[in-house]
>>> print(open('entry_34.pdb').read())   # PDB, C-alpha atoms
MODEL        1
ATOM      1  CA  MET A   1      27.619 248.408  45.257
ATOM      2  CA  PRO A   2      26.120 251.808  46.254
ATOM      3  CA  ALA A   3      22.339 251.849  46.586
ATOM      4  CA  GLN A   4      21.463 254.236  43.762
ATOM      5  CA  PRO A   5      23.654 252.713  41.012
ATOM      6  CA  HIS A   6      22.314 249.284  42.013
ATOM      7  CA  ARG A   7      18.726 250.520  41.615
ATOM      8  CA  HIS A   8      19.496 252.166  38.271
ATOM      9  CA  LEU A   9      21.059 248.945  36.950
ATOM     10  CA  ILE A  10      17.961 246.983  37.994
ATOM     11  CA  ARG A  11      15.675 249.422  36.182
ATOM     12  CA  GLU A  12      17.900 249.430  33.102
ATOM     13  CA  ILE A  13      17.816 245.630  32.870
ATOM     14  CA  ALA A  14      14.027 245.560  33.403
ATOM     15  CA  ASN A  15      13.464 248.136  30.648
ATOM     16  CA  PHE A  16      15.725 246.136  28.328
ATOM     17  CA  VAL A  17      13.647 242.990  28.959
ATOM     18  CA  HIS A  18      10.320 244.799  28.501
ATOM     19  CA  ASP A  19      11.484 246.094  25.130
ATOM     20  CA  ARG A  20      12.020 242.531  23.884
ATOM     21  CA  THR A  21       8.783 240.805  24.837
ATOM     22  CA  PRO A  22       5.124 241.825  25.204
ATOM     23  CA  LEU A  23       4.660 239.301  28.032
ATOM     24  CA  ARG A  24       4.294 240.792  31.508
ATOM     25  CA  PRO A  25       4.689 237.926  33.992
ATOM     26  CA  ARG A  26       3.472 238.127  37.575
ATOM     27  CA  LEU A  27       5.080 234.800  38.521
ATOM     28  CA  ALA A  28       8.880 234.503  38.781
ATOM     29  CA  MET A  29      10.931 231.354  39.241
ATOM     30  CA  LEU A  30      14.532 231.276  40.450
ATOM     31  CA  LEU A  31      15.413 227.670  39.866
ATOM     32  CA  GLY A  32      18.348 225.739  41.209
ATOM     33  CA  SER A  33      16.358 222.537  40.636
ATOM     34  CA  GLY A  34      13.952 221.850  37.772
ATOM     35  CA  HIS A  35      15.286 224.629  35.529
ATOM     36  CA  ALA A  36      16.020 222.535  32.424
ATOM     37  CA  SER A  37      12.561 220.944  32.333
ATOM     38  CA  ILE A  38      10.713 224.226  32.815
ATOM     39  CA  ALA A  39      12.894 226.009  30.243
ATOM     40  CA  ASN A  40      12.008 223.335  27.682
ATOM     41  CA  GLN A  41       8.274 223.701  28.372
ATOM     42  CA  LEU A  42       8.070 227.475  27.869
ATOM     43  CA  LYS A  43       6.146 228.732  24.837
ATOM     44  CA  GLU A  44       6.772 232.073  23.102
ATOM     45  CA  LYS A  45      10.109 231.975  24.889
ATOM     46  CA  VAL A  46      12.520 234.885  24.878
ATOM     47  CA  VAL A  47      16.049 234.085  26.082
ATOM     48  CA  LEU A  48      18.165 236.948  27.382
ATOM     49  CA  HIS A  49      21.755 235.992  28.128
ATOM     50  CA  GLY A  50      23.615 237.703  30.938
ATOM     51  CA  GLU A  51      26.260 239.131  28.626
ATOM     52  CA  ASP A  52      23.526 240.746  26.475
ATOM     53  CA  LEU A  53      21.914 242.597  29.372
ATOM     54  CA  PRO A  54      22.919 246.105  30.464
ATOM     55  CA  GLY A  55      25.829 245.924  32.853
ATOM     56  CA  ALA A  56      26.285 242.178  32.101
ATOM     57  CA  LYS A  57      25.719 241.424  35.797
ATOM     58  CA  LEU A  58      23.417 238.392  35.622
ATOM     59  CA  HIS A  59      25.242 235.077  35.724
ATOM     60  CA  ALA A  60      22.648 233.015  33.854
ATOM     61  CA  PRO A  61      20.053 233.528  31.095
ATOM     62  CA  LEU A  62      16.734 235.134  31.936
ATOM     63  CA  LEU A  63      13.772 233.459  30.230
ATOM     64  CA  ILE A  64      10.347 234.982  29.604
ATOM     65  CA  GLY A  65       7.578 232.752  28.252
ATOM     66  CA  LEU A  66       4.304 230.944  28.781
ATOM     67  CA  LEU A  67       4.097 227.920  31.084
ATOM     68  CA  GLU A  68       0.742 226.195  30.584
ATOM     69  CA  GLY A  69      -0.506 229.535  29.243
ATOM     70  CA  VAL A  70       0.768 231.473  32.286
ATOM     71  CA  PRO A  71       3.337 234.255  31.662
ATOM     72  CA  VAL A  72       6.413 233.529  33.771
ATOM     73  CA  ALA A  73       9.945 234.842  34.204
ATOM     74  CA  VAL A  74      12.490 232.099  34.841
ATOM     75  CA  ALA A  75      16.084 232.524  35.969
ATOM     76  CA  ASP A  76      18.580 229.798  36.708
ATOM     77  CA  ALA A  77      19.820 230.082  40.269
ATOM     78  CA  PRO A  78      23.072 232.078  40.250
ATOM     79  CA  LEU A  79      26.434 230.672  41.183
ATOM     80  CA  ALA A  80      26.591 229.719  44.832
ATOM     81  CA  ALA A  81      28.113 232.101  47.339
ATOM     82  CA  TYR A  82      31.105 229.779  47.765
ATOM     83  CA  GLU A  83      32.035 230.621  44.144
ATOM     84  CA  GLY A  84      32.843 234.111  45.408
ATOM     85  CA  LEU A  85      29.600 236.022  44.815
ATOM     86  CA  THR A  86      28.583 238.761  47.209
ATOM     87  CA  ALA A  87      25.164 238.953  48.832
ATOM     88  CA  ASN A  88      24.291 241.892  46.549
ATOM     89  CA  GLU A  89      25.159 239.845  43.467
ATOM     90  CA  LEU A  90      22.958 237.006  44.706
ATOM     91  CA  ALA A  91      20.129 239.505  45.260
ATOM     92  CA  LEU A  92      20.343 241.144  41.829
ATOM     93  CA  PRO A  93      18.287 238.543  39.875
ATOM     94  CA  VAL A  94      15.576 238.713  42.555
ATOM     95  CA  ARG A  95      15.397 242.496  42.321
ATOM     96  CA  VAL A  96      15.310 242.407  38.520
ATOM     97  CA  LEU A  97      12.411 239.945  38.622
ATOM     98  CA  LYS A  98      10.553 242.299  40.953
ATOM     99  CA  ALA A  99      11.254 245.267  38.667
ATOM    100  CA  LEU A 100       9.700 243.293  35.802
ATOM    101  CA  GLY A 101       6.411 243.390  37.717
ATOM    102  CA  CYS A 102       6.454 239.893  39.218
ATOM    103  CA  GLU A 103       4.589 239.475  42.507
ATOM    104  CA  THR A 104       5.161 235.811  43.449
ATOM    105  CA  LEU A 105       8.598 234.180  43.526
ATOM    106  CA  VAL A 106       9.221 230.440  43.561
ATOM    107  CA  VAL A 107      12.775 229.519  44.584
ATOM    108  CA  THR A 108      14.140 225.984  44.281
ATOM    109  CA  ALA A 109      17.340 224.338  45.493
ATOM    110  CA  GLY A 110      18.843 221.030  46.511
ATOM    111  CA  ALA A 111      19.220 220.070  50.158
ATOM    112  CA  ALA A 112      20.071 217.288  52.568
ATOM    113  CA  SER A 113      17.379 215.991  54.895
ATOM    114  CA  LEU A 114      18.128 215.751  58.592
ATOM    115  CA  CYS A 115      14.953 213.911  59.544
ATOM    116  CA  GLN A 116      13.479 210.449  59.039
ATOM    117  CA  GLN A 117      10.276 211.691  57.398
ATOM    118  CA  ILE A 118      11.927 213.462  54.442
ATOM    119  CA  GLU A 119      13.638 210.913  52.204
ATOM    120  CA  PRO A 120      16.001 211.334  49.223
ATOM    121  CA  GLY A 121      14.122 212.122  46.027
ATOM    122  CA  ALA A 122      11.274 213.842  47.884
ATOM    123  CA  ILE A 123      10.275 217.478  47.488
ATOM    124  CA  ALA A 124      10.244 219.549  50.673
ATOM    125  CA  ILE A 125       8.405 222.840  51.145
ATOM    126  CA  VAL A 126      10.358 225.347  53.213
ATOM    127  CA  GLU A 127       8.238 226.785  56.018
ATOM    128  CA  ASP A 128      11.009 228.775  57.751
ATOM    129  CA  HIS A 129      14.787 229.097  57.716
ATOM    130  CA  LEU A 130      17.957 229.504  59.732
ATOM    131  CA  ASN A 131      20.591 231.717  58.134
ATOM    132  CA  PHE A 132      24.074 230.390  58.884
ATOM    133  CA  SER A 133      25.376 231.421  55.455
ATOM    134  CA  ASP A 134      27.256 234.520  56.709
ATOM    135  CA  LEU A 135      25.516 236.441  53.906
ATOM    136  CA  HIS A 136      22.781 239.061  54.141
ATOM    137  CA  PRO A 137      21.849 241.173  51.094
ATOM    138  CA  LEU A 138      20.476 244.022  53.228
ATOM    139  CA  VAL A 139      23.742 244.876  54.970
ATOM    140  CA  GLY A 140      24.872 248.392  54.082
ATOM    141  CA  PRO A 141      22.918 251.478  53.000
ATOM    142  CA  ASN A 142      19.237 250.775  52.384
ATOM    143  CA  ASP A 143      17.448 252.010  49.275
ATOM    144  CA  ASP A 144      13.868 252.676  50.367
ATOM    145  CA  GLN A 145      12.721 252.330  46.751
ATOM    146  CA  LEU A 146      13.826 248.685  46.794
ATOM    147  CA  GLY A 147      12.344 247.872  50.199
ATOM    148  CA  PRO A 148      12.161 248.854  53.882
ATOM    149  CA  ARG A 149      15.186 249.132  56.152
ATOM    150  CA  PHE A 150      13.819 246.520  58.574
ATOM    151  CA  PRO A 151      11.589 244.055  56.664
ATOM    152  CA  ASP A 152       9.326 241.831  58.738
ATOM    153  CA  MET A 153      10.453 238.198  58.631
ATOM    154  CA  SER A 154       7.672 236.633  60.703
ATOM    155  CA  GLU A 155       6.349 234.870  57.575
ATOM    156  CA  PRO A 156       9.060 234.836  54.894
ATOM    157  CA  TYR A 157       7.371 231.899  53.142
ATOM    158  CA  ARG A 158       3.766 232.803  52.420
ATOM    159  CA  ARG A 159       1.357 230.406  54.114
ATOM    160  CA  GLN A 160      -1.163 230.476  51.279
ATOM    161  CA  TRP A 161       1.498 229.294  48.812
ATOM    162  CA  ILE A 162       2.674 226.561  51.169
ATOM    163  CA  ASP A 163      -0.930 225.316  51.189
ATOM    164  CA  VAL A 164      -1.086 225.540  47.384
ATOM    165  CA  ALA A 165       2.159 223.557  47.058
ATOM    166  CA  ARG A 166       0.855 220.868  49.423
ATOM    167  CA  ASP A 167      -2.320 220.549  47.343
ATOM    168  CA  VAL A 168      -0.351 220.394  44.083
ATOM    169  CA  ALA A 169       1.901 217.656  45.523
ATOM    170  CA  LEU A 170      -1.093 215.656  46.751
ATOM    171  CA  ARG A 171      -2.821 215.797  43.367
ATOM    172  CA  ALA A 172       0.408 214.947  41.512
ATOM    173  CA  GLY A 173       1.301 212.088  43.851
ATOM    174  CA  VAL A 174       4.617 213.698  44.779
ATOM    175  CA  PRO A 175       6.150 212.770  48.175
ATOM    176  CA  CYS A 176       6.224 216.086  49.992
ATOM    177  CA  ALA A 177       6.713 217.469  53.497
ATOM    178  CA  THR A 178       7.386 220.830  55.106
ATOM    179  CA  GLY A 179      10.497 221.730  57.035
ATOM    180  CA  VAL A 180      12.925 224.342  58.323
ATOM    181  CA  PHE A 181      15.863 225.005  55.984
ATOM    182  CA  ALA A 182      19.328 225.875  57.315
ATOM    183  CA  ALA A 183      21.650 227.739  54.943
ATOM    184  CA  ILE A 184      25.385 227.137  55.334
ATOM    185  CA  PRO A 185      28.258 228.706  53.369
ATOM    186  CA  GLY A 186      29.834 225.554  51.896
ATOM    187  CA  PRO A 187      31.472 224.246  49.833
ATOM    188  CA  SER A 188      32.510 221.604  52.371
ATOM    189  CA  MET A 189      29.806 219.395  53.826
ATOM    190  CA  PRO A 190      29.040 219.787  57.536
ATOM    191  CA  THR A 191      30.939 217.750  60.106
ATOM    192  CA  ARG A 192      29.108 215.298  62.359
ATOM    193  CA  ALA A 193      29.145 217.897  65.132
ATOM    194  CA  GLU A 194      27.741 220.536  62.784
ATOM    195  CA  TYR A 195      24.943 218.229  61.640
ATOM    196  CA  ARG A 196      24.151 217.583  65.299
ATOM    197  CA  PHE A 197      24.125 221.326  66.005
ATOM    198  CA  LEU A 198      21.819 221.991  63.036
ATOM    199  CA  ARG A 199      19.321 219.371  64.231
ATOM    200  CA  GLN A 200      19.370 220.801  67.757
ATOM    201  CA  ALA A 201      18.856 224.291  66.303
ATOM    202  CA  GLY A 202      15.652 223.095  64.660
ATOM    203  CA  ALA A 203      16.732 222.402  61.073
ATOM    204  CA  ASP A 204      15.049 219.696  59.004
ATOM    205  CA  LEU A 205      16.992 220.501  55.828
ATOM    206  CA  VAL A 206      20.415 221.937  55.078
ATOM    207  CA  GLY A 207      21.816 223.470  51.887
ATOM    208  CA  MET A 208      24.242 226.049  50.518
ATOM    209  CA  SER A 209      21.856 228.481  48.815
ATOM    210  CA  LEU A 210      18.322 229.922  48.842
ATOM    211  CA  VAL A 211      18.224 232.043  51.994
ATOM    212  CA  PRO A 212      20.074 235.180  50.748
ATOM    213  CA  GLU A 213      17.750 235.292  47.741
ATOM    214  CA  VAL A 214      14.701 234.861  49.976
ATOM    215  CA  LEU A 215      15.847 237.726  52.216
ATOM    216  CA  ALA A 216      16.127 239.970  49.146
ATOM    217  CA  ALA A 217      12.714 238.793  47.938
ATOM    218  CA  VAL A 218      10.934 239.542  51.209
ATOM    219  CA  HIS A 219      12.640 242.949  51.284
ATOM    220  CA  ALA A 220      11.352 243.605  47.744
ATOM    221  CA  GLY A 221       7.776 242.651  48.653
ATOM    222  CA  PHE A 222       7.497 239.250  46.968
ATOM    223  CA  ASP A 223       5.190 236.468  48.090
ATOM    224  CA  VAL A 224       7.761 233.661  48.390
ATOM    225  CA  LEU A 225       7.477 229.904  48.011
ATOM    226  CA  ALA A 226      10.626 227.774  48.372
ATOM    227  CA  LEU A 227      10.898 224.134  47.337
ATOM    228  CA  VAL A 228      13.891 221.841  47.719
ATOM    229  CA  GLY A 229      14.749 218.559  46.062
ATOM    230  CA  VAL A 230      16.199 216.229  48.687
ATOM    231  CA  THR A 231      19.493 214.721  47.523
ATOM    232  CA  GLN A 232      20.558 212.867  50.659
ATOM    233  CA  GLN A 233      19.441 211.951  54.162
ATOM    234  CA  VAL A 234      21.733 212.416  57.176
ATOM    235  CA  LEU A 235      20.274 210.860  60.306
ATOM    236  CA  ALA A 236      21.551 210.946  63.869
ATOM    237  CA  GLY A 237      23.764 207.995  64.725
ATOM    238  CA  ARG A 238      24.540 207.148  61.099
ATOM    239  CA  SER A 239      27.534 207.882  58.896
ATOM    240  CA  THR A 240      27.581 211.371  57.360
ATOM    241  CA  GLN A 241      29.878 210.300  54.508
ATOM    242  CA  VAL A 242      28.564 211.577  51.168
ATOM    243  CA  SER A 243      27.986 209.249  48.218
ATOM    244  CA  ILE A 244      28.007 211.432  45.112
ATOM    245  CA  GLU A 245      26.420 208.627  43.065
ATOM    246  CA  ALA A 246      23.534 208.325  45.539
ATOM    247  CA  MET A 247      23.075 212.104  45.511
ATOM    248  CA  ILE A 248      22.886 212.109  41.703
ATOM    249  CA  ASP A 249      20.338 209.278  41.768
ATOM    250  CA  ALA A 250      18.197 211.199  44.296
ATOM    251  CA  ALA A 251      18.461 214.401  42.236
ATOM    252  CA  ASP A 252      17.369 212.492  39.119
ATOM    253  CA  LEU A 253      14.365 211.169  41.044
ATOM    254  CA  ALA A 254      13.457 214.610  42.397
ATOM    255  CA  ALA A 255      13.822 216.499  39.082
ATOM    256  CA  PRO A 256      10.585 215.359  37.342
ATOM    257  CA  ARG A 257       8.717 215.710  40.614
ATOM    258  CA  MET A 258       9.954 219.292  40.957
ATOM    259  CA  ALA A 259       8.946 220.075  37.369
ATOM    260  CA  SER A 260       5.456 218.667  37.997
ATOM    261  CA  MET A 261       5.147 220.815  41.120
ATOM    262  CA  LEU A 262       6.247 223.962  39.283
ATOM    263  CA  VAL A 263       3.717 223.461  36.490
ATOM    264  CA  GLY A 264       0.943 222.939  39.045
ATOM    265  CA  ILE A 265       1.953 226.051  40.958
ATOM    266  CA  ALA A 266       1.989 228.125  37.759
ATOM    267  CA  THR A 267      -1.563 226.988  37.036
ATOM    268  CA  ALA A 268      -2.593 227.843  40.604
ATOM    269  CA  ARG A 269      -1.061 231.331  40.208
ATOM    270  CA  ALA A 270      -3.233 231.883  37.118
ATOM    271  CA  ASP A 271      -6.322 231.008  39.157
ATOM    272  CA  ALA A 272      -5.322 233.169  42.148
TER     273      ALA A 272
ENDMDL
END
>>> encode(input="entry_34.pdb", output="structure tokens")
Amino acid sequence: MPAQPHRHLIREIANFVHDRTPLRPRLAMLLGSGHASIANQLKEKVVLHGEDLPGAKLHAPLLIGLLEGVPVAVADAPLAAYEGLTANELALPVRVLKALGCETLVVTAGAASLCQQIEPGAIAIVEDHLNFSDLHPLVGPNDDQLGPRFPDMSEPYRRQWIDVARDVALRAGVPCATGVFAAIPGPSMPTRAEYRFLRQAGADLVGMSLVPEVLAAVHAGFDVLALVGVTQQVLAGRSTQVSIEAMIDAADLAAPRMASMLVGIATARADA
């Protein structure tokens, strides 16, 4: 998508949203985990379906509402890249959230743990990432009005928000650790050799989403916090065979913990 039409579509969607609610959120959430719970907790909620928005380019509803009295914009994480989306399509919700005036973005996803300390059902805070997804939303002509040509990635996940998330987890009694997230294309799970490579590369977590959106968010100027719900644990020397039932059980355990974290972070954003 050429740079200027992309920017004009973003502005058109943002204007459409502003015309339908007086709320002006500064906190945005792009949720691949915890979306249903947060959506149900929003007050004064406005639901904008993708097909109702200009250009009909968003793949999930955009929600504007109050979470514990804090104005927030909430989008369900878009379809994964392995469904056929381009990097620009993955970046569009992020750029729309920025155009709405949001300053902090919380991104959530599911992931497998590659280390002993991060168990299934836990919440992990992403402190850095490795991009093996083969996707980068900044490839092609750069629109300087969306962000700089060469954004600094020395701190893609803002340290102050990592500290906030740790404090929220401690107060909520949520098992939580920090780690490096590796993004892979999917949809197949890694082989044993690939898991071994990812560990040797420095990954603590591996998943099929999150990083392209974070790249777009840093480019746009967001303060980013990324949380993952751990659905499985793949340790060196053990079988890498996936049990879907065990993954579902771990996701069910992580979901209320993620929702508790998101509410606490929203409250912290109000106090910031």
>>> closest_residue(input="entry_34.pdb", among="A:Ala87, A:Pro25, A:Pro71, A:Pro137", to="A:Leu42", atoms="only C-alpha atoms")
A:Pro71
>>> resolve_selection(input="entry_34.pdb", expression="the PyMOL selection byres ((chain A and resi 230) around 9)", output="ChimeraX atom specification")
/A:109-113,118-124,205,228-229,231-233,247,250-251,254
>>> axis_aligned_box(input="entry_34.pdb", around="stretch 244-257 of chain A", padding_each_side="6 Å", output="lines of an AutoDock Vina configuration file")
center_x = 18.4
center_y = 212.4
center_z = 41.4
size_x = 31.3
size_y = 20.2
size_z = 20.2
>>> residues_around(input="entry_34.pdb", residues="A:Val180", least_positions_apart="2", cutoff="10 Å", atoms="all atoms listed in the file", output="MDAnalysis selection string")
chainID A and resid 124:130 178 182:183 201:206
>>> residues_around(input="entry_34.pdb", residues="A:Leu63", least_positions_apart="3", cutoff="7 Å", atoms="only C-alpha atoms", output="list in words")
Lys45, Val46, Val47, Leu48, Ala73, Val74 and Ala75 of chain A
>>> resolve_selection(input="entry_34.pdb", expression="the PyMOL selection byres ((chain A and resi 139) around 12)", output="PyMOL selection string")
chain A and resi 1-3+86-88+91+134-138+140-143+149-150+212+215-216+219
>>> closest_residue(input="entry_34.pdb", among="A:Leu30, A:Ile10, A:Leu66, A:Leu23", to="A:Pro54", atoms="only C-alpha atoms")
A:Ile10
>>> resolve_selection(input="entry_34.pdb", expression="the PyMOL selection byres ((chain A and resi 259) around 10)", output="ChimeraX atom specification")
/A:33-38,41,254-258,260-265
>>> write_last_selection(input="entry_34.pdb", atoms="C-alpha atoms", output="CSV table (one decimal), in the coordinates of the input")
chain,number,residue,atom,x,y,z
A,33,SER,CA,16.4,222.5,40.6
A,34,GLY,CA,14.0,221.8,37.8
A,35,HIS,CA,15.3,224.6,35.5
A,36,ALA,CA,16.0,222.5,32.4
A,37,SER,CA,12.6,220.9,32.3
A,38,ILE,CA,10.7,224.2,32.8
A,41,GLN,CA,8.3,223.7,28.4
A,254,ALA,CA,13.5,214.6,42.4
A,255,ALA,CA,13.8,216.5,39.1
A,256,PRO,CA,10.6,215.4,37.3
A,257,ARG,CA,8.7,215.7,40.6
A,258,MET,CA,10.0,219.3,41.0
A,260,SER,CA,5.5,218.7,38.0
A,261,MET,CA,5.1,220.8,41.1
A,262,LEU,CA,6.2,224.0,39.3
A,263,VAL,CA,3.7,223.5,36.5
A,264,GLY,CA,0.9,222.9,39.0
A,265,ILE,CA,2.0,226.1,41.0
>>> atom_distance(input="entry_34.pdb", atom1="atom CA of A:Ser188", atom2="atom CA of A:Cys176")
27.0 Å
>>> atom_distance(input="entry_34.pdb", atom1="atom CA of A:Ile248", atom2="atom CA of A:Thr108")
16.6 Å
>>> closest_residue(input="entry_34.pdb", among="A:Ser154, A:Gln145, A:Thr104, A:Asn131", to="A:His8", atoms="only C-alpha atoms")
A:Gln145
>>> atom_distance(input="entry_34.pdb", atom1="atom CA of A:Arg269", atom2="atom CA of A:Val107")
14.6 Å
>>> closest_residue(input="entry_34.pdb", among="A:Ala28, A:Ala217, A:Val224, A:Cys115", to="A:Val70", atoms="all atoms listed in the file")
A:Ala28
>>> residues_around(input="entry_34.pdb", residues="A:Tyr195", least_positions_apart="5", cutoff="10 Å", atoms="only C-alpha atoms", output="JSON list (two decimals) with C-alpha atoms, keeping the file's coordinate frame")
[["chain", "number", "residue", "atom", "x", "y", "z"],
["A", 114, "LEU", "CA", 18.13, 215.75, 58.59],
["A", 189, "MET", "CA", 29.81, 219.40, 53.83],
["A", 190, "PRO", "CA", 29.04, 219.79, 57.54],
["A", 200, "GLN", "CA", 19.37, 220.80, 67.76],
["A", 201, "ALA", "CA", 18.86, 224.29, 66.30],
["A", 203, "ALA", "CA", 16.73, 222.40, 61.07],
["A", 206, "VAL", "CA", 20.42, 221.94, 55.08],
["A", 234, "VAL", "CA", 21.73, 212.42, 57.18],
["A", 235, "LEU", "CA", 20.27, 210.86, 60.31],
["A", 236, "ALA", "CA", 21.55, 210.95, 63.87],
["A", 240, "THR", "CA", 27.58, 211.37, 57.36]]
>>> closest_atom_pairs(input="entry_34.pdb", of="stretch 184-247 of chain A", to="stretch 92-100 of chain A", cutoff="9 Å", atoms="only C-alpha atoms", output="CSV")
residue,atom,partner,partner_atom,distance
A:Glu213,CA,A:Val94,CA,6.6
A:Val214,CA,A:Val94,CA,8.4
A:Ala216,CA,A:Val94,CA,6.7
A:Ala217,CA,A:Val94,CA,6.1
A:Ala220,CA,A:Arg95,CA,6.9
A:Gly221,CA,A:Lys98,CA,8.2
A:Phe222,CA,A:Lys98,CA,7.4
>>> closest_residue(input="entry_34.pdb", among="A:Leu225, A:Cys102, A:Ala172, A:Ala177", to="A:Gln116", atoms="only C-alpha atoms")
A:Ala177
>>> build_atoms(input="entry_34.pdb", residues="stretch 6-21 of chain A", atoms="N, CA, C and O atoms", output="tab-separated table (two decimals), in the frame of the given file")
chain	number	residue	atom	x	y	z
A	6	HIS	N	22.92	250.61	42.03
A	6	HIS	CA	22.31	249.28	42.01
A	6	HIS	C	20.86	249.39	41.52
A	6	HIS	O	20.44	248.62	40.65
A	7	ARG	N	20.11	250.35	42.04
A	7	ARG	CA	18.73	250.52	41.62
A	7	ARG	C	18.63	250.88	40.14
A	7	ARG	O	17.79	250.37	39.40
A	8	HIS	N	19.52	251.75	39.67
A	8	HIS	CA	19.50	252.17	38.27
A	8	HIS	C	19.82	251.00	37.35
A	8	HIS	O	19.23	250.87	36.27
A	9	LEU	N	20.74	250.13	37.75
A	9	LEU	CA	21.06	248.94	36.95
A	9	LEU	C	19.85	248.02	36.87
A	9	LEU	O	19.54	247.48	35.79
A	10	ILE	N	19.16	247.82	37.97
A	10	ILE	CA	17.96	246.98	37.99
A	10	ILE	C	16.92	247.52	37.02
A	10	ILE	O	16.35	246.78	36.21
A	11	ARG	N	16.67	248.82	37.07
A	11	ARG	CA	15.68	249.42	36.18
A	11	ARG	C	16.11	249.33	34.72
A	11	ARG	O	15.30	249.07	33.83
A	12	GLU	N	17.39	249.50	34.47
A	12	GLU	CA	17.90	249.43	33.10
A	12	GLU	C	17.71	248.03	32.52
A	12	GLU	O	17.29	247.87	31.37
A	13	ILE	N	18.01	247.01	33.33
A	13	ILE	CA	17.82	245.63	32.87
A	13	ILE	C	16.33	245.36	32.63
A	13	ILE	O	15.95	244.75	31.62
A	14	ALA	N	15.47	245.79	33.55
A	14	ALA	CA	14.03	245.56	33.40
A	14	ALA	C	13.49	246.23	32.14
A	14	ALA	O	12.69	245.63	31.40
A	15	ASN	N	13.91	247.44	31.86
A	15	ASN	CA	13.46	248.14	30.65
A	15	ASN	C	13.94	247.40	29.40
A	15	ASN	O	13.21	247.29	28.40
A	16	PHE	N	15.17	246.90	29.45
A	16	PHE	CA	15.72	246.14	28.33
A	16	PHE	C	14.87	244.90	28.05
A	16	PHE	O	14.55	244.58	26.89
A	17	VAL	N	14.48	244.19	29.11
A	17	VAL	CA	13.65	242.99	28.96
A	17	VAL	C	12.27	243.35	28.41
A	17	VAL	O	11.76	242.70	27.49
A	18	HIS	N	11.65	244.39	28.95
A	18	HIS	CA	10.32	244.80	28.50
A	18	HIS	C	10.31	245.18	27.03
A	18	HIS	O	9.30	244.99	26.34
A	19	ASP	N	11.41	245.70	26.54
A	19	ASP	CA	11.48	246.09	25.13
A	19	ASP	C	11.54	244.89	24.19
A	19	ASP	O	11.32	245.05	22.98
A	20	ARG	N	11.81	243.70	24.73
A	20	ARG	CA	12.02	242.53	23.88
A	20	ARG	C	10.93	241.48	23.97
A	20	ARG	O	11.00	240.46	23.29
A	21	THR	N	9.92	241.72	24.78
A	21	THR	CA	8.78	240.80	24.84
A	21	THR	C	7.54	241.54	25.31
A	21	THR	O	7.63	242.39	26.21
